[in-house]
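Dropping protein-v2.txt in here (compact mmCIF, C-alpha atoms and all ligand atoms):
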# COMPACT_ATOMS: atom_id res chain seq x y z
CA ASP A 1 191.76 -4.28 29.37
CA LEU A 2 192.14 -7.97 29.94
CA ARG A 3 195.21 -9.55 28.45
CA GLY A 4 196.25 -12.48 30.48
CA GLY A 5 197.82 -15.82 30.10
CA ALA A 6 196.24 -19.21 30.15
CA ARG A 7 196.46 -20.97 33.48
CA ASN A 8 195.69 -24.66 33.74
CA PHE A 9 194.94 -26.18 37.09
CA SER A 10 194.13 -29.71 37.97
CA LEU A 11 192.38 -30.68 41.15
CA ASP A 12 191.91 -34.27 42.19
CA ALA A 13 189.55 -34.90 45.09
CA GLU A 14 190.84 -37.97 46.86
CA ALA A 15 190.70 -39.92 50.09
CA GLY A 16 193.83 -40.54 52.13
CA GLU A 17 195.25 -40.54 55.60
CA THR A 18 196.85 -37.67 57.49
CA PRO A 19 198.53 -37.67 60.90
CA ILE A 20 197.02 -34.32 61.85
CA LYS A 21 197.31 -34.79 65.57
CA PRO A 22 200.55 -36.61 66.35
CA GLY A 23 200.07 -40.27 67.05
CA LYS A 24 197.81 -41.79 64.49
CA ALA A 25 197.01 -41.10 60.87
CA THR A 26 193.34 -40.39 60.43
CA PRO A 27 191.22 -40.88 57.29
CA THR A 28 190.89 -37.50 55.57
CA TRP A 29 190.06 -36.08 52.18
CA GLY A 30 192.03 -33.57 50.13
CA PHE A 31 192.78 -32.18 46.70
CA ASN A 32 195.98 -33.54 45.14
CA GLY A 33 196.89 -34.93 48.55
CA SER A 34 195.30 -36.16 51.71
CA TYR A 35 194.24 -32.89 53.40
CA LEU A 36 193.33 -29.44 51.97
CA GLY A 37 194.54 -28.58 48.48
CA PRO A 38 197.13 -26.51 46.63
CA THR A 39 197.08 -22.70 46.73
CA LEU A 40 196.28 -21.56 43.20
CA ARG A 41 197.57 -18.23 41.98
CA ALA A 42 196.36 -16.19 39.02
CA ARG A 43 196.21 -12.60 37.76
CA ARG A 44 193.26 -10.53 36.78
CA GLY A 45 192.88 -11.14 33.05
CA ASP A 46 194.12 -14.72 33.13
CA ASP A 47 192.10 -17.44 31.45
CA LEU A 48 191.63 -20.18 34.01
CA ARG A 49 191.06 -23.75 32.93
CA PHE A 50 190.43 -26.43 35.49
CA THR A 51 190.33 -30.16 35.30
CA VAL A 52 188.59 -31.40 38.41
CA ARG A 53 188.43 -35.13 39.02
CA ASN A 54 186.48 -36.95 41.69
CA HIS A 55 188.29 -40.02 43.03
CA LEU A 56 185.96 -40.27 46.03
CA GLU A 57 183.26 -42.87 46.38
CA GLU A 58 180.55 -40.24 46.50
CA THR A 59 179.37 -37.29 44.46
CA THR A 60 180.96 -33.97 45.21
CA THR A 61 181.43 -30.54 43.60
CA VAL A 62 184.11 -27.86 43.69
CA HIS A 63 182.79 -24.36 44.28
CA PHE A 64 184.98 -21.29 43.77
CA HIS A 65 183.92 -19.18 46.73
CA GLY A 66 183.99 -15.44 46.03
CA ALA A 67 184.81 -15.80 42.35
CA HIS A 68 183.02 -13.87 39.64
CA LEU A 69 182.23 -16.53 37.06
CA PRO A 70 179.56 -18.00 34.79
CA ALA A 71 176.85 -20.04 36.56
CA ASP A 72 177.96 -23.29 34.91
CA CYS A 73 181.48 -22.80 36.37
CA ASP A 74 180.31 -21.94 39.89
CA GLY A 75 180.65 -25.46 41.26
CA GLY A 76 177.50 -25.29 43.32
CA PRO A 77 175.12 -28.22 43.80
CA HIS A 78 174.13 -28.20 40.11
CA GLN A 79 177.68 -28.99 38.96
CA ALA A 80 177.81 -32.42 40.58
CA ILE A 81 180.79 -34.62 39.77
CA GLU A 82 180.01 -38.31 40.07
CA PRO A 83 182.55 -40.74 41.52
CA GLY A 84 185.15 -41.31 38.81
CA GLY A 85 183.87 -38.30 36.90
CA SER A 86 185.47 -35.01 35.95
CA TRP A 87 184.46 -31.41 35.28
CA GLU A 88 186.22 -28.68 33.31
CA PRO A 89 185.15 -25.14 34.14
CA GLU A 90 186.90 -22.17 32.56
CA TRP A 91 186.56 -18.42 32.88
CA THR A 92 188.57 -15.21 32.69
CA VAL A 93 189.50 -13.61 36.01
CA ASP A 94 187.88 -10.19 36.25
CA GLN A 95 187.91 -9.05 39.85
CA PRO A 96 190.33 -7.24 42.17
CA ALA A 97 193.35 -8.84 43.83
CA THR A 98 192.30 -10.88 46.86
CA MET A 99 192.23 -14.33 48.42
CA LEU A 100 189.35 -16.60 47.46
CA TRP A 101 188.89 -20.24 48.35
CA TYR A 102 187.45 -23.40 46.86
CA HIS A 103 185.48 -26.13 48.59
CA PRO A 104 182.81 -28.76 47.85
CA HIS A 105 179.13 -27.78 47.70
CA PRO A 106 177.13 -31.01 47.18
CA HIS A 107 173.60 -30.40 48.38
CA GLY A 108 173.12 -31.74 51.91
CA ASN A 109 176.72 -32.96 52.26
CA THR A 110 178.87 -29.84 52.24
CA ALA A 111 179.64 -29.87 55.97
CA ARG A 112 181.04 -33.41 55.93
CA HIS A 113 183.09 -32.92 52.76
CA VAL A 114 184.70 -29.72 54.04
CA TYR A 115 185.24 -31.12 57.53
CA ARG A 116 187.17 -34.08 56.11
CA GLY A 117 189.59 -31.66 54.48
CA LEU A 118 188.41 -30.60 51.04
CA ALA A 119 189.30 -26.90 50.73
CA GLY A 120 192.01 -24.72 49.21
CA LEU A 121 192.94 -21.13 48.46
CA ILE A 122 193.08 -19.00 45.33
CA LEU A 123 195.24 -15.88 45.33
CA ILE A 124 194.40 -13.27 42.74
CA ASP A 125 196.87 -10.53 41.81
CA ASP A 126 196.29 -7.38 39.81
CA ASP A 127 198.09 -4.20 38.75
CA VAL A 128 196.66 -2.21 41.66
CA SER A 129 198.03 -4.52 44.32
CA ASP A 130 201.33 -4.94 42.44
CA GLY A 131 201.72 -1.17 42.47
CA LEU A 132 201.52 -1.04 46.27
CA ASP A 133 204.44 -1.71 48.53
CA LEU A 134 202.90 -4.59 50.48
CA PRO A 135 204.49 -7.81 51.71
CA ARG A 136 204.05 -10.26 48.84
CA GLU A 137 206.57 -13.07 49.16
CA TYR A 138 204.47 -16.18 49.49
CA GLY A 139 205.30 -18.18 52.59
CA VAL A 140 207.90 -15.63 53.72
CA ASP A 141 206.15 -12.36 54.55
CA ASP A 142 202.79 -13.09 52.86
CA VAL A 143 201.35 -16.13 54.57
CA PRO A 144 197.89 -17.58 54.06
CA LEU A 145 196.23 -19.23 57.05
CA VAL A 146 193.38 -21.68 56.64
CA VAL A 147 192.06 -21.77 60.19
CA GLN A 148 189.78 -24.68 61.04
CA ASP A 149 188.37 -26.11 64.25
CA ARG A 150 188.22 -29.86 64.53
CA ASN A 151 187.51 -32.53 67.13
CA PHE A 152 189.65 -35.62 67.55
CA ASP A 153 188.72 -38.84 69.30
CA GLY A 154 190.86 -40.86 71.72
CA ASP A 155 192.78 -42.31 68.75
CA ASN A 156 193.48 -38.84 67.35
CA ALA A 157 191.11 -39.55 64.45
CA LEU A 158 188.73 -36.84 63.20
CA GLU A 159 185.55 -36.94 65.25
CA GLU A 160 182.43 -36.28 63.17
CA SER A 161 179.65 -36.49 65.74
CA GLU A 162 177.95 -33.45 67.17
CA THR A 163 176.81 -32.60 70.64
CA TRP A 164 173.03 -32.47 71.12
CA THR A 165 173.27 -28.86 72.29
CA SER A 166 174.71 -27.70 69.00
CA THR A 167 172.55 -25.37 66.95
CA THR A 168 175.33 -25.06 64.42
CA GLY A 169 176.82 -28.49 63.79
CA ILE A 170 180.33 -29.41 64.83
CA ILE A 171 182.22 -26.96 67.01
CA GLY A 172 185.80 -28.22 67.24
CA GLU A 173 187.81 -27.87 70.42
CA ASP A 174 191.14 -27.91 68.59
CA VAL A 175 192.34 -25.43 66.01
CA ILE A 176 194.45 -26.48 63.06
CA VAL A 177 196.10 -24.10 60.61
CA ASN A 178 196.87 -25.19 57.04
CA GLY A 179 196.16 -28.71 58.26
CA THR A 180 198.78 -28.45 61.01
CA TYR A 181 198.14 -29.09 64.68
CA GLY A 182 199.99 -26.85 67.16
CA PRO A 183 201.47 -24.69 64.37
CA TYR A 184 204.23 -22.12 64.55
CA PHE A 185 205.74 -19.82 61.95
CA GLU A 186 209.33 -18.58 61.88
CA ALA A 187 209.21 -14.98 60.77
CA THR A 188 212.20 -13.32 59.11
CA THR A 189 210.77 -9.87 58.33
CA ARG A 190 209.75 -6.80 60.36
CA ARG A 191 206.25 -6.92 58.94
CA LEU A 192 204.22 -10.03 58.40
CA ARG A 193 201.13 -10.20 56.23
CA LEU A 194 198.64 -12.89 57.22
CA ARG A 195 195.75 -13.71 54.94
CA ILE A 196 193.32 -15.41 57.26
CA LEU A 197 190.43 -17.63 56.16
CA ASN A 198 188.00 -18.81 58.79
CA GLY A 199 187.65 -22.26 57.25
CA SER A 200 185.58 -23.66 60.11
CA ASN A 201 182.18 -25.20 59.52
CA ALA A 202 180.45 -23.17 62.23
CA ARG A 203 182.78 -21.43 64.63
CA VAL A 204 182.95 -17.63 64.64
CA MET A 205 186.53 -16.54 65.35
CA ASN A 206 187.65 -13.31 66.90
CA PHE A 207 191.33 -12.98 65.98
CA ALA A 208 193.73 -11.06 68.23
CA PHE A 209 197.31 -11.30 69.47
CA ASP A 210 198.14 -12.54 72.98
CA ASP A 211 199.65 -9.18 74.02
CA ASP A 212 196.70 -7.34 72.47
CA ARG A 213 198.97 -5.49 70.04
CA GLU A 214 197.53 -3.45 67.22
CA PHE A 215 197.69 -4.61 63.63
CA LEU A 216 196.47 -3.28 60.29
CA GLN A 217 193.62 -4.89 58.42
CA ILE A 218 194.29 -4.12 54.76
CA GLY A 219 191.78 -6.35 52.98
CA SER A 220 188.56 -8.30 53.35
CA ASP A 221 186.85 -11.07 51.34
CA GLY A 222 186.95 -9.48 47.91
CA GLY A 223 189.98 -7.20 47.89
CA LEU A 224 191.98 -4.48 49.57
CA LEU A 225 190.23 -1.87 51.70
CA THR A 226 190.50 1.79 50.66
CA GLU A 227 192.93 2.39 53.52
CA PRO A 228 194.49 0.30 56.29
CA HIS A 229 192.34 -0.09 59.39
CA ARG A 230 194.27 -0.06 62.68
CA THR A 231 192.69 -2.50 65.12
CA ARG A 232 193.24 -5.20 67.76
CA ARG A 233 190.54 -7.62 66.55
CA ALA A 234 189.38 -9.30 63.38
CA LEU A 235 186.02 -11.02 63.70
CA LEU A 236 185.48 -13.66 61.03
CA SER A 237 182.49 -15.94 60.69
CA PRO A 238 182.86 -19.10 58.58
CA ALA A 239 184.15 -18.36 55.03
CA GLU A 240 185.11 -14.74 55.73
CA ARG A 241 188.70 -13.57 55.14
CA ALA A 242 190.88 -10.83 56.59
CA ASP A 243 194.17 -9.64 55.13
CA ILE A 244 196.25 -8.22 58.00
CA VAL A 245 199.77 -6.87 58.53
CA VAL A 246 201.43 -7.13 61.95
CA ASP A 247 204.74 -5.59 63.10
CA LEU A 248 207.30 -7.83 64.80
CA GLU A 249 210.29 -7.21 67.06
CA PRO A 250 213.48 -9.25 66.61
CA GLY A 251 213.59 -12.39 68.74
CA GLU A 252 210.05 -12.14 70.12
CA THR A 253 207.33 -14.76 70.18
CA VAL A 254 203.73 -13.68 69.75
CA VAL A 255 200.60 -15.82 69.54
CA LEU A 256 197.64 -15.28 67.25
CA ARG A 257 194.52 -16.28 69.14
CA SER A 258 190.77 -16.43 68.85
CA LEU A 259 189.10 -14.67 71.78
CA PRO A 260 185.52 -14.84 73.08
CA VAL A 261 183.14 -13.04 70.74
CA GLU A 262 181.71 -9.99 72.46
CA ASP A 263 178.78 -7.67 71.88
CA VAL A 264 177.21 -9.33 68.89
CA GLY A 265 173.71 -9.81 70.24
CA VAL A 266 173.89 -13.61 70.33
CA GLY A 267 172.03 -15.00 73.38
CA SER A 268 174.47 -16.07 76.12
CA ILE A 269 173.31 -19.68 76.16
CA PHE A 270 173.83 -19.93 72.40
CA LYS A 271 177.20 -18.27 72.73
CA ARG A 272 178.26 -21.06 75.02
CA PHE A 273 176.83 -23.84 72.82
CA ASN A 274 178.33 -22.28 69.72
CA GLY A 275 181.83 -21.93 71.12
CA MET A 276 181.69 -18.15 71.09
CA ASP A 277 182.97 -18.02 74.68
CA ASP A 278 186.14 -19.92 73.82
CA ARG A 279 189.74 -18.73 73.89
CA LEU A 280 191.96 -20.67 71.50
CA ASP A 281 195.56 -20.43 70.36
CA VAL A 282 195.76 -20.29 66.58
CA LEU A 283 199.39 -19.74 65.57
CA GLN A 284 202.65 -19.07 67.36
CA ILE A 285 204.88 -16.60 65.53
CA ARG A 286 208.61 -16.81 66.34
CA ALA A 287 210.53 -13.83 65.08
CA ALA A 288 214.18 -14.40 64.14
CA ASP A 289 216.88 -12.48 66.01
CA GLU A 290 217.48 -10.42 62.91
CA LEU A 291 214.56 -9.32 60.82
CA ALA A 292 214.71 -8.00 57.26
CA ASP A 293 213.27 -4.51 56.83
CA SER A 294 209.78 -4.19 55.40
CA PRO A 295 208.28 -1.05 53.88
CA GLU A 296 205.54 0.92 55.66
CA VAL A 297 202.04 -0.10 54.65
CA PRO A 298 200.80 2.56 52.20
CA ALA A 299 198.19 4.97 53.56
CA LYS A 300 196.00 4.53 50.49
CA LEU A 301 195.15 1.09 49.18
CA ALA A 302 192.41 0.36 46.60
CA GLU A 303 189.73 2.59 45.09
CA ILE A 304 186.23 1.30 45.72
CA ALA A 305 183.42 2.91 43.76
CA SER A 306 180.33 3.07 45.94
CA LEU A 307 177.17 1.40 44.68
CA SER A 308 175.05 3.35 47.15
CA ASP A 309 173.76 6.12 44.96
CA GLU A 310 172.42 4.04 42.14
CA PRO A 311 168.77 3.04 41.81
CA ALA A 312 168.38 -0.55 42.86
CA ALA A 313 166.03 -3.51 42.73
CA GLU A 314 165.12 -4.24 46.35
CA ARG A 315 164.68 -7.64 47.94
CA SER A 316 164.53 -8.86 51.48
CA PHE A 317 165.73 -12.05 53.13
CA ARG A 318 164.85 -13.32 56.60
CA LEU A 319 166.90 -16.19 58.00
CA ALA A 320 165.09 -18.30 60.58
CA GLY A 321 165.40 -21.56 62.46
CA PHE A 322 168.57 -22.99 60.84
CA SER A 323 166.82 -24.17 57.71
CA THR A 324 164.83 -21.39 56.10
CA ILE A 325 165.19 -18.11 54.26
CA ASN A 326 161.91 -16.24 53.78
CA GLY A 327 160.10 -19.32 55.10
CA ASP A 328 161.45 -21.72 52.48
CA SER A 329 164.11 -24.38 52.59
CA MET A 330 166.41 -25.00 49.66
CA ASP A 331 164.81 -26.86 46.76
CA MET A 332 167.12 -27.68 43.86
CA ASN A 333 164.14 -27.33 41.51
CA ARG A 334 162.93 -23.94 42.72
CA ILE A 335 164.48 -20.71 41.44
CA ASP A 336 163.65 -18.01 43.96
CA PHE A 337 164.06 -15.04 41.63
CA GLY A 338 165.79 -13.62 38.62
CA ALA A 339 168.18 -10.67 38.96
CA GLN A 340 168.75 -8.35 36.04
CA VAL A 341 172.29 -8.31 34.68
CA ASP A 342 174.24 -5.02 35.03
CA THR A 343 171.69 -3.59 37.47
CA VAL A 344 172.30 -2.73 41.10
CA GLU A 345 170.45 -4.88 43.63
CA GLU A 346 169.83 -3.97 47.24
CA TRP A 347 169.22 -6.90 49.56
CA THR A 348 168.07 -6.37 53.12
CA VAL A 349 169.11 -9.41 55.12
CA ARG A 350 168.03 -10.16 58.68
CA ASN A 351 168.89 -12.93 61.13
CA THR A 352 165.66 -13.39 63.09
CA ASP A 353 167.17 -15.93 65.54
CA GLU A 354 169.03 -15.50 68.80
CA TYR A 355 171.96 -17.57 67.55
CA HIS A 356 174.37 -16.79 64.78
CA HIS A 357 173.99 -16.95 61.02
CA ASN A 358 175.94 -15.39 58.23
CA PHE A 359 175.03 -14.71 54.62
CA HIS A 360 176.96 -15.51 51.46
CA VAL A 361 176.14 -14.71 47.84
CA HIS A 362 177.69 -16.50 44.87
CA ASP A 363 179.18 -14.83 41.76
CA VAL A 364 179.58 -11.41 43.28
CA GLN A 365 181.35 -9.26 45.84
CA PHE A 366 178.88 -6.95 47.55
CA GLN A 367 179.08 -3.77 49.61
CA VAL A 368 177.52 -3.50 53.06
CA ALA A 369 175.63 -0.23 52.54
CA SER A 370 174.34 -0.07 56.11
CA ILE A 371 173.61 -2.04 59.27
CA ASP A 372 170.37 -0.90 60.94
CA GLY A 373 170.74 2.34 59.02
CA GLU A 374 174.31 3.03 60.18
CA ALA A 375 177.44 3.02 58.07
CA PRO A 376 179.36 -0.28 58.38
CA PRO A 377 182.57 -0.46 60.47
CA PRO A 378 185.82 -0.24 58.41
CA PRO A 379 186.41 -4.03 58.08
CA LEU A 380 182.97 -4.31 56.43
CA ALA A 381 183.43 -1.28 54.20
CA GLY A 382 185.28 -3.12 51.41
CA TRP A 383 184.23 -5.92 49.07
CA LYS A 384 182.53 -8.80 50.84
CA ASP A 385 181.01 -12.08 49.75
CA THR A 386 180.02 -13.27 53.23
CA VAL A 387 178.83 -11.20 56.16
CA PHE A 388 178.20 -12.13 59.79
CA LEU A 389 174.62 -11.32 60.80
CA GLU A 390 174.21 -10.09 64.31
CA PRO A 391 170.71 -11.13 65.43
CA ASN A 392 167.82 -8.84 64.56
CA ARG A 393 169.62 -6.22 62.54
CA ASP A 394 169.00 -5.17 58.98
CA TYR A 395 172.05 -5.58 56.77
CA ARG A 396 171.59 -3.68 53.52
CA LEU A 397 173.82 -5.24 50.87
CA ARG A 398 174.42 -3.68 47.47
CA MET A 399 175.72 -5.63 44.50
CA ARG A 400 175.72 -5.75 40.74
CA PHE A 401 175.70 -8.98 38.76
CA ASP A 402 177.53 -8.18 35.57
CA GLN A 403 178.65 -10.01 32.48
CA TYR A 404 177.29 -13.54 32.90
CA THR A 405 173.69 -14.54 32.35
CA ASP A 406 172.02 -17.93 32.30
CA PRO A 407 168.24 -18.37 32.29
CA ASP A 408 168.41 -21.90 33.67
CA LEU A 409 171.41 -22.42 35.89
CA PRO A 410 171.18 -20.67 39.26
CA TYR A 411 173.67 -19.24 41.72
CA MET A 412 173.14 -19.64 45.46
CA TYR A 413 172.78 -17.44 48.51
CA HIS A 414 172.94 -19.09 51.90
CA CYS A 415 174.09 -19.18 55.48
CA HIS A 416 177.72 -20.40 55.49
CA ILE A 417 177.32 -22.31 58.73
CA LEU A 418 177.53 -25.54 56.83
CA PHE A 419 175.07 -27.44 59.03
CA HIS A 420 172.48 -24.74 58.28
CA GLU A 421 173.34 -24.71 54.59
CA ASP A 422 172.94 -28.50 54.43
CA PHE A 423 169.60 -28.24 56.24
CA GLY A 424 168.27 -25.90 53.60
CA MET A 425 169.11 -22.35 54.68
CA MET A 426 169.84 -21.57 51.05
CA GLY A 427 168.08 -20.17 48.00
CA GLN A 428 168.78 -19.91 44.28
CA PHE A 429 168.64 -17.08 41.77
CA VAL A 430 169.39 -16.73 38.10
CA VAL A 431 170.95 -13.72 36.39
CA LEU A 432 168.98 -12.71 33.29
CU1 LIG B 501 181.62 -21.07 50.26
CU2 LIG B 501 177.97 -21.43 48.54
O1 LIG B 501 179.79 -21.31 49.42
CU CU B 502 180.38 -19.38 47.54
CU CU B 503 172.85 -20.15 59.81
Render the structure in this file as structure tokens.
Amino acid sequence: DLRGGARNFSLDAEAGETPIKPGKATPTWGFNGSYLGPTLRARRGDDLRFTVRNHLEETTTVHFHGAHLPADCDGGPHQAIEPGGSWEPEWTVDQPATMLWYHPHPHGNTARHVYRGLAGLILIDDDVSDGLDLPREYGVDDVPLVVQDRNFDGDNALEESETWTSTTGIIGEDVIVNGTYGPYFEATTRRLRLRILNGSNARVMNFAFDDDREFLQIGSDGGLLTEPHRTRRALLSPAERADIVVDLEPGETVVLRSLPVEDVGVGSIFKRFNGMDDRLDVLQIRAADELADSPEVPAKLAEIASLSDEPAAERSFRLAGFSTINGDSMDMNRIDFGAQVDTVEEWTVRNTDEYHHNFHVHDVQFQVASIDGEAPPPPLAGWKDTVFLEPNRDYRLRMRFDQYTDPDLPYMYHCHILFHEDFGMMGQFVVL
């Protein structure tokens, strides 16, 4: 039963200057400003209407990452917006409450456009999440974090060159959060919900607190988990999200960090080149001397109907050499296959390299049915649109493309390490 309101959003991609690292303003790009873009909020059932304008001097697109939408509203490489041009996608939100994001997707140029600052968040609400006693006051006890690694040169300007050892594109030595260098947050509540996006181009981040305290992961890319998962780590590859709740003591200071990534089968030399050995401070949290009470996180969160028992169309995908999937590089004029609408698909995805890749599918949230035949760990047991691929393991993903068909306009699947995506580690499918 979808009865929502109309929501109009306007996004203007523009060039500007931002003093990210104190000292000197650096040329950056943003939506409706000079770096990143506004957080958009909508409810399941709302009719979204966007006016997207491109004030840049080059072609870009705006892709709604994780959104279930018609192919002509996806904002992938086929929805190019010329300099001075505009684009007006519209669709009705029909997916569970979660945090999505939007970013450019121009073929071959995505890494540079995102690195310069074009990205933003979309928060979706629904009746299920409203019915749960979770922290929900935006910017107070429900705080989104766009976490990005960046390099700065001697003038504190964004550094866009890569080291020759990189197999992944730019790995930044500094972390910025919501466009802020050296960030801190002043907490006023006993429980703090952080909705974390790894918005880096290539870096895999392994989130933890400096005192190794436990926290609850309550959601993943596409919605709430079935129940809170008590943990000390949240591993996010580029584009993945984690919704977490952490308890605070009055007057304390605690630091959210990214720790070295352990036990993921990536060769040690690649780990070093890819920044997976790094330890970085992400956000300092300063708790006030008096904290407002917060309710306990409910023991049951969302219902997730398993797709595992349904008959499925099977496909397999092998990622290799930072530019191919099943031996082919992305070709805008080649449709790799057609998926049948309203039918379950089972995709077996394998990273055949010794370094890291991940895998993202447009239009849909999928379920990780198994990893090398085993049930997925709790953080991967909810709705996902992007999954980190440990080398040489079979990830069985189950998904159903419903509602929207288009015989001509494709959706994408690709590695979300943007350097790999730009080099062609991407394919296209239509829903028929
Ligand atoms: Cu976030 Cu095809 O991308
Ligand atoms: Cu996407
Ligand atoms: Cu890759």
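Of the residues listed (A:Val341, A:Ala111, A:Tyr355, A:Pro96), A:Ala111 shows the shortest atom-to-atom separation from Ser161 of chain A; distances use all atoms listed in the file.
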Leaving out Asp336 of chain A and any residue of its chain fewer than 2 positions from it, which residues lie within 8 Å of it when counting only C-alpha atoms, given as a PyMOL selection string? chain A and resi 334+338+427-429
Hey, what's within 8 Å of Leu69 of chain A if we count all atoms listed in the file and toss same-chain stuff fewer than 5 positions away? As a ChimeraX atom specification, please? /A:74,91-93,363,404
Produce as a PyMOL selection string the set of residues near ligand CU 502 (chain B), where near means within 6 Å with all atoms listed in the file considered. chain A and resi 65-66+362
Just the residues within 8 Å of segment 400-402 of chain A, please, counting all atoms listed in the file, with nothing from its chain fewer than 3 positions along; format it as a PyMOL selection string. chain A and resi 339-345+363-364+366+431
Quick one: of A:Arg393, A:His63, A:Arg44, A:Arg136, who's nearest to Leu194 of chain A, counting all atoms listed in the file?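 Ranking A:Arg393, A:His63, A:Arg44, A:Arg136 by distance to Leu194 of chain A, first place goes to A:Arg136.
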Within 7 Å of ligand CU 503 (chain B), counting all atoms listed in the file, which protein or nucleic acid residues do you find, written as number ranges by chain? A: 322, 356-358, 415-417, 420-421, 425
Produce a table with one row for each residue of chain A that has an atom at most 8 Å from any atom of ligand LIG 501 (chain B), each row naming the nearest atom pair and its distance in Å at one decimal; use only C-alpha atoms and all ligand atoms; arrange rows by chain and rising residue number; format as JSON lines.
{"residue": "A:His63", "atom": "CA", "partner": "B:LIG501", "partner_atom": "O1", "distance": 6.7}
{"residue": "A:Phe64", "atom": "CA", "partner": "B:LIG501", "partner_atom": "CU1", "distance": 7.3}
{"residue": "A:His65", "atom": "CA", "partner": "B:LIG501", "partner_atom": "CU1", "distance": 4.6}
{"residue": "A:Gly66", "atom": "CA", "partner": "B:LIG501", "partner_atom": "CU1", "distance": 7.4}
{"residue": "A:Gly76", "atom": "CA", "partner": "B:LIG501", "partner_atom": "CU2", "distance": 6.5}
{"residue": "A:Trp101", "atom": "CA", "partner": "B:LIG501", "partner_atom": "CU1", "distance": 7.6}
{"residue": "A:Tyr102", "atom": "CA", "partner": "B:LIG501", "partner_atom": "CU1", "distance": 7.1}
{"residue": "A:His103", "atom": "CA", "partner": "B:LIG501", "partner_atom": "CU1", "distance": 6.6}
{"residue": "A:His105", "atom": "CA", "partner": "B:LIG501", "partner_atom": "CU2", "distance": 6.5}
{"residue": "A:Ala239", "atom": "CA", "partner": "B:LIG501", "partner_atom": "CU1", "distance": 6.0}
{"residue": "A:His360", "atom": "CA", "partner": "B:LIG501", "partner_atom": "CU2", "distance": 6.7}
{"residue": "A:Val361", "atom": "CA", "partner": "B:LIG501", "partner_atom": "CU2", "distance": 7.0}
{"residue": "A:His362", "atom": "CA", "partner": "B:LIG501", "partner_atom": "CU2", "distance": 6.2}
{"residue": "A:Met412", "atom": "CA", "partner": "B:LIG501", "partner_atom": "CU2", "distance": 6.0}
{"residue": "A:Tyr413", "atom": "CA", "partner": "B:LIG501", "partner_atom": "CU2", "distance": 6.5}
{"residue": "A:His414", "atom": "CA", "partner": "B:LIG501", "partner_atom": "CU2", "distance": 6.5}
{"residue": "A:His416", "atom": "CA", "partner": "B:LIG501", "partner_atom": "O1", "distance": 6.5}
For Glu82 of chain A, find every residue with an atom within 7 Å (counting all atoms listed in the file), except residues of its own chain fewer than 4 positions away, and show them as a PDB file with C-alpha atoms, in the frame of the given file.
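After the write, part22.pdb holds the following:
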ATOM      1  CA  ASN A  54     186.480 -36.950  41.690  1.00  0.00           C
ATOM      2  CA  GLU A  58     180.550 -40.240  46.500  1.00  0.00           C
ATOM      3  CA  THR A  59     179.370 -37.290  44.460  1.00  0.00           C
ATOM      4  CA  THR A  60     180.960 -33.970  45.210  1.00  0.00           C
TER       5      THR A  60
END
Which residues, written as a ChimeraX atom specification, have at least one atom at most 12 Å from Arg203 of chain A, with all atoms listed in the file counted and residues fewer than 5 positions away on the same chain left out? /A:147-150,166-175,198,235-240,258-261,270-280,355-358,388,416-419
Straight-line distance linking atom CA of Val254 of chain A with atom CA of Leu301 of chain A, stated in Å to one decimal: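 Atom-to-atom, atom CA of Val254 of chain A and atom CA of Leu301 of chain A are spaced 26.7 Å apart.
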Proximity to Trp29 of chain A - best of A:Ala71, A:Leu100, A:Val114, A:Leu225, only C-alpha atoms: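 Among A:Ala71, A:Leu100, A:Val114, A:Leu225, it is A:Val114 that comes nearest to Trp29 of chain A.
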Compare A:Asp153, A:Asp247, A:Asp133, A:Glu88 by their minimum atom-to-atom distance to Cys73 of chain A, counting all atoms listed in the file, and give me the closest one. A:Glu88
